[in-house]
$ cat structure30.cif   # mmCIF, C-alpha atoms
data_protein
loop_
_atom_site.group_PDB
_atom_site.id
_atom_site.type_symbol
_atom_site.label_atom_id
_atom_site.label_comp_id
_atom_site.auth_asym_id
_atom_site.auth_seq_id
_atom_site.Cartn_x
_atom_site.Cartn_y
_atom_site.Cartn_z
ATOM 1 C CA MET A 259 19.499 -8.250 -0.120
ATOM 2 C CA GLU A 260 18.537 -4.945 1.445
ATOM 3 C CA GLU A 261 15.522 -5.121 3.717
ATOM 4 C CA ALA A 262 12.524 -2.831 3.536
ATOM 5 C CA SER A 263 12.791 -0.005 6.032
ATOM 6 C CA PHE A 264 10.073 0.786 8.517
ATOM 7 C CA GLU A 265 10.137 4.405 7.355
ATOM 8 C CA ASP A 266 9.404 3.356 3.754
ATOM 9 C CA PHE A 267 6.621 1.102 5.014
ATOM 10 C CA ILE A 268 4.954 3.906 6.958
ATOM 11 C CA LYS A 269 5.404 6.295 4.036
ATOM 12 C CA GLU A 270 3.588 3.891 1.683
ATOM 13 C CA LEU A 271 0.826 3.262 4.217
ATOM 14 C CA LYS A 272 0.322 7.017 4.593
ATOM 15 C CA LYS A 273 0.123 7.362 0.800
ATOM 16 C CA GLU A 274 -2.544 4.660 0.712
ATOM 17 C CA TYR A 275 -4.478 6.371 3.481
ATOM 18 C CA GLU A 276 -4.349 9.736 1.675
ATOM 19 C CA TYR A 277 -5.439 8.096 -1.553
ATOM 20 C CA GLN A 278 -8.456 6.528 0.161
ATOM 21 C CA ARG A 279 -9.209 9.752 2.038
ATOM 22 C CA ASN A 280 -9.458 11.616 -1.246
ATOM 23 C CA GLY A 281 -12.301 9.668 -2.797
ATOM 24 C CA GLY A 282 -11.963 6.085 -1.680
ATOM 25 C CA ALA A 283 -14.737 4.002 -0.180
ATOM 26 C CA SER A 284 -15.274 4.405 3.557
ATOM 27 C CA TYR A 285 -14.528 0.689 4.088
ATOM 28 C CA ARG A 286 -11.117 1.038 2.408
ATOM 29 C CA LEU A 287 -10.430 4.277 4.259
ATOM 30 C CA SER A 288 -10.995 2.572 7.597
ATOM 31 C CA SER A 289 -8.832 -0.379 6.498
ATOM 32 C CA SER A 290 -5.951 1.894 5.529
ATOM 33 C CA SER A 291 -6.289 3.793 8.803
ATOM 34 C CA LEU A 292 -6.249 0.560 10.826
ATOM 35 C CA ALA A 293 -3.269 -0.698 8.811
ATOM 36 C CA LEU A 294 -1.322 2.439 9.626
ATOM 37 C CA VAL A 295 -2.162 2.186 13.339
ATOM 38 C CA THR A 296 -1.208 -1.504 13.382
ATOM 39 C CA ALA A 297 2.121 -0.871 11.663
ATOM 40 C CA ILE A 298 2.996 1.942 14.066
ATOM 41 C CA GLU A 299 2.066 -0.264 17.024
ATOM 42 C CA THR A 300 4.365 -3.097 15.874
ATOM 43 C CA ASN A 301 7.200 -0.831 14.684
ATOM 44 C CA SER A 302 8.091 -3.566 12.209
ATOM 45 C CA VAL A 303 7.859 -4.568 8.559
ATOM 46 C CA LYS A 304 8.930 -8.205 8.987
ATOM 47 C CA GLU A 305 5.696 -9.214 10.707
ATOM 48 C CA PHE A 306 3.755 -8.365 7.573
ATOM 49 C CA LEU A 307 5.896 -10.088 4.937
ATOM 50 C CA ASP A 308 4.120 -13.393 5.582
ATOM 51 C CA LYS A 309 0.344 -13.277 5.082
ATOM 52 C CA ASP A 310 -0.452 -15.678 7.932
ATOM 53 C CA VAL A 311 1.737 -13.814 10.411
ATOM 54 C CA ALA A 312 0.217 -10.530 9.212
ATOM 55 C CA LYS A 313 -3.275 -11.875 9.868
ATOM 56 C CA GLN A 314 -2.309 -13.134 13.339
ATOM 57 C CA THR A 315 -0.713 -9.790 14.205
ATOM 58 C CA VAL A 316 -3.720 -7.774 13.056
ATOM 59 C CA SER A 317 -6.110 -10.116 14.843
ATOM 60 C CA TYR A 318 -4.092 -9.846 18.073
ATOM 61 C CA LEU A 319 -3.808 -6.048 17.991
ATOM 62 C CA LEU A 320 -7.302 -5.233 16.757
ATOM 63 C CA LEU A 321 -9.444 -7.519 18.891
ATOM 64 C CA THR A 322 -12.778 -5.807 18.283
ATOM 65 C CA ILE A 323 -12.918 -5.816 14.474
ATOM 66 C CA SER A 324 -14.652 -8.409 12.299
ATOM 67 C CA ASN A 325 -12.804 -11.295 10.666
ATOM 68 C CA GLU A 326 -13.443 -9.716 7.257
ATOM 69 C CA LYS A 327 -11.796 -6.483 8.374
ATOM 70 C CA VAL A 328 -8.863 -8.418 9.870
ATOM 71 C CA GLU A 329 -8.399 -10.114 6.477
ATOM 72 C CA ASP A 330 -8.595 -6.803 4.624
ATOM 73 C CA VAL A 331 -6.143 -4.969 6.897
ATOM 74 C CA ALA A 332 -3.713 -7.916 6.933
ATOM 75 C CA LYS A 333 -3.883 -8.187 3.141
ATOM 76 C CA LEU A 334 -3.127 -4.472 2.748
ATOM 77 C CA LEU A 335 -0.181 -4.617 5.159
ATOM 78 C CA ASN A 336 1.159 -7.768 3.496
ATOM 79 C CA LYS A 337 0.905 -6.333 -0.013
ATOM 80 C CA ILE A 338 2.630 -3.053 0.836
ATOM 81 C CA ALA A 339 5.371 -4.785 2.862
ATOM 82 C CA ASN A 340 6.079 -7.211 0.017
ATOM 83 C CA ASP A 341 5.993 -4.470 -2.621
ATOM 84 C CA ILE A 342 8.611 -2.509 -0.690
ATOM 85 C CA GLN A 343 10.727 -5.625 -0.144
ATOM 86 C CA TYR A 344 10.563 -6.443 -3.860
ATOM 87 C CA LYS A 345 11.599 -2.917 -4.851
ATOM 88 C CA LYS A 346 14.538 -3.064 -2.434
ATOM 89 C CA SER A 347 15.702 -6.328 -4.009
ATOM 90 C CA LEU A 348 15.945 -4.847 -7.515
ATOM 91 C CA PRO A 349 19.426 -3.895 -8.708
ATOM 92 C CA ASN A 350 20.154 -0.154 -8.647
ATOM 93 C CA GLU A 351 20.327 -0.053 -12.445
ATOM 94 C CA VAL A 352 16.774 -1.380 -12.717
ATOM 95 C CA GLN A 353 15.498 1.033 -10.069
ATOM 96 C CA GLU A 354 17.114 3.949 -11.907
ATOM 97 C CA TYR A 355 15.648 2.830 -15.237
ATOM 98 C CA VAL A 356 12.154 2.540 -13.750
ATOM 99 C CA GLN A 357 12.494 5.996 -12.201
ATOM 100 C CA GLN A 358 13.581 7.478 -15.537
ATOM 101 C CA MET A 359 10.633 5.875 -17.320
ATOM 102 C CA ARG A 360 8.196 7.215 -14.721
ATOM 103 C CA GLU A 361 9.586 10.719 -15.138
ATOM 104 C CA LYS A 362 9.072 10.516 -18.915
ATOM 105 C CA GLN A 363 5.527 9.197 -18.549
ATOM 106 C CA LYS A 364 2.816 11.588 -19.635
ATOM 107 C CA PRO A 365 -0.282 11.985 -17.452
ATOM 108 C CA LEU A 366 -3.441 10.276 -18.653
ATOM 109 C CA SER A 367 -5.976 12.451 -20.386
ATOM 110 C CA PHE A 368 -9.642 11.547 -20.540
ATOM 111 C CA LYS A 369 -10.859 14.122 -23.019
ATOM 112 C CA LYS A 370 -13.775 13.264 -25.257
ATOM 113 C CA ASN A 371 -12.827 13.116 -28.872
ATOM 114 C CA GLU A 372 -14.538 15.437 -31.336
ATOM 115 C CA LYS A 373 -16.843 12.693 -32.716
ATOM 116 C CA ASN A 374 -18.437 12.037 -29.332
ATOM 117 C CA LYS A 375 -19.038 15.697 -28.452
ATOM 118 C CA SER A 376 -22.128 15.899 -30.624
ATOM 119 C CA ASN A 377 -23.752 12.927 -28.848
#
$ encode --input "structure30.cif" --output "structure tokens"
Amino acid sequence: MEEASFEDFIKELKKEYEYQRNGGASYRLSSSSLALVTAIETNSVKEFLDKDVAKQTVSYLLLTISNEKVEDVAKLLNKIANDIQYKKSLPNEVQEYVQQMREKQKPLSFKKNEKNKSN
């Protein structure tokens, strides 16, 4: 099984940070920022594949944050690391199929229908 690359991990963490920066809650923005800093500091994905090890790593590196924030940052790192690992474990045919389906997907539209416009 192919392992998740550190580059993919950082890329996904940056995407999460940008997502939170563009309208997310300040708490989540700070969590994604701390997750990115923690990942860069460790230069590893493996440490975040196990939730307990992820929590210990975050707690060790970010000594001054609350236990709740440690949990949140560790959970984010663990989820992204495991998502990447799962995607890497899929056969190429499945990955290609998923990519094709995403390309065909139409964007969501939240237009009011004509009945509700008069309300």
$ atom_distance --input "structure30.cif" --atom1 "CA of Ser324 in chain A" --atom2 "CA of Arg286 in chain A"
14.1 Å
$ residues_around --input "structure30.cif" --residues "Glu329 in chain A" --least-positions-apart "2" --cutoff "12 Å" --atoms "all atoms listed in the file" --output "list in words"
Ser289, Leu292, Ala293, Lys309, Asp310, Val311, Ala312, Lys313, Gln314, Thr315, Val316, Ser317, Leu320, Ile323, Ser324, Asn325, Glu326, Lys327, Val331, Ala332, Lys333, Leu334, Leu335, Asn336 and Lys337 of chain A
$ closest_residue --input "structure30.cif" --among "A:Leu307, A:Ile268, A:Ala297, A:Ala283" --to "Gln343 in chain A" --atoms "only C-alpha atoms"
A:Leu307
$ residues_around --input "structure30.cif" --residues "Ile338 in chain A" --least-positions-apart "3" --cutoff "8 Å" --atoms "all atoms listed in the file" --output "NGL selection string"
:A and (267 or 270-271 or 334-335 or 341-342)
$ atom_distance --input "structure30.cif" --atom1 "CA of Lys345 in chain A" --atom2 "CA of Gln357 in chain A"
11.6 Å
$ residues_around --input "structure30.cif" --residues "Phe264 in chain A" --least-positions-apart "6" --cutoff "8 Å" --atoms "all atoms listed in the file" --output "list in words"
Asn301, Ser302 and Val303 of chain A
$ atom_distance --input "structure30.cif" --atom1 "CA of Phe306 in chain A" --atom2 "CA of Tyr344 in chain A"
13.4 Å
$ closest_residue --input "structure30.cif" --among "A:Leu321, A:Ala262, A:Glu305, A:Ser291" --to "Glu276 in chain A" --atoms "only C-alpha atoms"
A:Ser291
$ closest_residue --input "structure30.cif" --among "A:Ser290, A:Glu265, A:Tyr275, A:Thr300" --to "Asp330 in chain A" --atoms "all atoms listed in the file"
A:Ser290
$ closest_residue --input "structure30.cif" --among "A:Asp308, A:Val328, A:Glu261, A:Lys269" --to "Ser288 in chain A" --atoms "only C-alpha atoms"
A:Val328
$ axis_aligned_box --input "structure30.cif" --around "range 316-325 of chain A" --padding-each-side "3 Å" --output "AutoDock Vina command-line options"
--center_x -9.2 --center_y -8.3 --center_z 14.8 --size_x 16.9 --size_y 12.1 --size_z 14.2
$ closest_residue --input "structure30.cif" --among "A:Ala339, A:Leu348, A:Leu319, A:Leu294" --to "Glu274 in chain A" --atoms "all atoms listed in the file"
A:Leu294
$ closest_residue --input "structure30.cif" --among "A:Met359, A:Lys272, A:Asn350, A:Thr322" --to "Val295 in chain A" --atoms "all atoms listed in the file"
A:Lys272
$ decode --input "structure30.cif" --residues "chain A" --atoms "C-alpha atoms" --output "short mmCIF file (atom, residue, chain, number, x, y, z; two decimals), in the first residue's frame"
data_model
loop_
_atom_site.label_atom_id
_atom_site.label_comp_id
_atom_site.auth_asym_id
_atom_site.auth_seq_id
_atom_site.Cartn_x
_atom_site.Cartn_y
_atom_site.Cartn_z
CA MET A 259 0.00 0.00 0.00
CA GLU A 260 1.29 3.43 -0.94
CA GLU A 261 1.76 5.77 2.00
CA ALA A 262 0.43 9.29 2.20
CA SER A 263 3.06 11.83 1.25
CA PHE A 264 3.98 14.74 3.45
CA GLU A 265 3.46 17.07 0.50
CA ASP A 266 -0.14 15.86 0.07
CA PHE A 267 -0.69 16.27 3.80
CA ILE A 268 0.52 19.87 3.79
CA LYS A 269 -1.48 20.61 0.65
CA GLU A 270 -4.70 19.40 2.32
CA LEU A 271 -3.94 21.31 5.52
CA LYS A 272 -3.39 24.48 3.49
CA LYS A 273 -6.73 23.91 1.72
CA GLU A 274 -8.44 23.58 5.09
CA TYR A 275 -6.77 26.75 6.33
CA GLU A 276 -7.86 28.69 3.23
CA TYR A 277 -11.38 27.37 3.57
CA GLN A 278 -11.56 28.54 7.19
CA ARG A 279 -9.91 31.86 6.31
CA ASN A 280 -12.64 32.56 3.79
CA GLY A 281 -15.61 32.53 6.13
CA GLY A 282 -14.92 29.96 8.80
CA ALA A 283 -15.24 30.55 12.52
CA SER A 284 -12.22 32.12 14.21
CA TYR A 285 -11.86 29.05 16.46
CA ARG A 286 -11.60 26.74 13.43
CA LEU A 287 -9.26 29.15 11.67
CA SER A 288 -6.87 29.09 14.60
CA SER A 289 -7.13 25.28 14.78
CA SER A 290 -6.28 24.90 11.10
CA SER A 291 -3.38 27.33 11.47
CA LEU A 292 -2.01 25.43 14.48
CA ALA A 293 -2.45 22.12 12.64
CA LEU A 294 -0.41 23.41 9.73
CA VAL A 295 2.36 24.68 12.03
CA THR A 296 2.40 21.37 13.93
CA ALA A 297 2.62 19.32 10.74
CA ILE A 298 5.47 21.44 9.39
CA GLU A 299 7.30 21.14 12.71
CA THR A 300 7.08 17.32 12.70
CA ASN A 301 7.71 16.90 8.96
CA SER A 302 5.67 13.71 9.16
CA VAL A 303 2.28 12.21 8.38
CA LYS A 304 2.72 8.96 10.34
CA GLU A 305 2.50 10.69 13.72
CA PHE A 306 -1.05 11.75 12.96
CA LEU A 307 -2.49 8.48 11.66
CA ASP A 308 -3.21 7.32 15.22
CA LYS A 309 -5.47 9.66 17.20
CA ASP A 310 -3.69 9.11 20.53
CA VAL A 311 -0.25 9.72 19.05
CA ALA A 312 -1.62 12.80 17.25
CA LYS A 313 -2.93 14.17 20.55
CA GLN A 314 0.39 13.50 22.32
CA THR A 315 2.33 15.17 19.50
CA VAL A 316 0.12 18.26 19.48
CA SER A 317 0.21 18.49 23.26
CA TYR A 318 4.02 18.23 23.27
CA LEU A 319 4.55 20.82 20.54
CA LEU A 320 1.88 23.31 21.57
CA LEU A 321 2.40 23.51 25.32
CA THR A 322 0.46 26.72 25.93
CA ILE A 323 -2.90 25.85 24.36
CA SER A 324 -5.95 24.49 26.18
CA ASN A 325 -6.81 20.79 26.27
CA GLU A 326 -9.87 21.51 24.12
CA LYS A 327 -7.71 23.13 21.46
CA VAL A 328 -5.22 20.23 21.63
CA GLU A 329 -8.14 17.84 20.99
CA ASP A 330 -9.42 19.94 18.10
CA VAL A 331 -6.04 20.31 16.39
CA ALA A 332 -5.19 16.62 16.89
CA LYS A 333 -8.58 15.58 15.52
CA LEU A 334 -8.09 17.74 12.42
CA LEU A 335 -4.59 16.38 11.79
CA ASN A 336 -5.76 12.80 12.35
CA LYS A 337 -8.74 13.14 10.01
CA ILE A 338 -6.76 14.68 7.16
CA ALA A 339 -3.89 12.19 7.54
CA ASN A 340 -6.30 9.25 7.48
CA ASP A 341 -8.28 10.66 4.56
CA ILE A 342 -5.09 10.93 2.51
CA GLN A 343 -3.98 7.45 3.55
CA TYR A 344 -7.37 6.02 2.57
CA LYS A 345 -7.28 7.71 -0.84
CA LYS A 346 -3.78 6.36 -1.47
CA SER A 347 -4.98 2.83 -0.68
CA LEU A 348 -7.70 2.89 -3.35
CA PRO A 349 -6.92 1.10 -6.61
CA ASN A 350 -6.05 3.41 -9.51
CA GLU A 351 -9.23 2.43 -11.34
CA VAL A 352 -11.37 3.62 -8.43
CA GLN A 353 -9.40 6.86 -8.11
CA GLU A 354 -9.84 7.53 -11.83
CA TYR A 355 -13.57 6.79 -11.65
CA VAL A 356 -14.03 9.15 -8.70
CA GLN A 357 -12.10 11.87 -10.53
CA GLN A 358 -14.26 11.44 -13.63
CA MET A 359 -17.44 11.67 -11.56
CA ARG A 360 -16.22 14.84 -9.84
CA GLU A 361 -15.47 16.44 -13.20
CA LYS A 362 -19.01 15.67 -14.40
CA GLN A 363 -20.58 17.02 -11.22
CA LYS A 364 -22.55 20.22 -11.64
CA PRO A 365 -22.12 23.00 -9.08
CA LEU A 366 -24.91 23.44 -6.56
CA SER A 367 -27.38 26.20 -7.23
CA PHE A 368 -29.41 27.80 -4.48
CA LYS A 369 -31.83 29.84 -6.54
CA LYS A 370 -35.29 30.49 -5.18
CA ASN A 371 -37.97 28.88 -7.24
CA GLU A 372 -40.65 31.05 -8.82
CA LYS A 373 -43.31 30.13 -6.20
CA ASN A 374 -41.24 31.50 -3.33
CA LYS A 375 -40.32 34.79 -5.01
CA SER A 376 -43.68 36.34 -4.23
CA ASN A 377 -43.30 35.62 -0.49
#
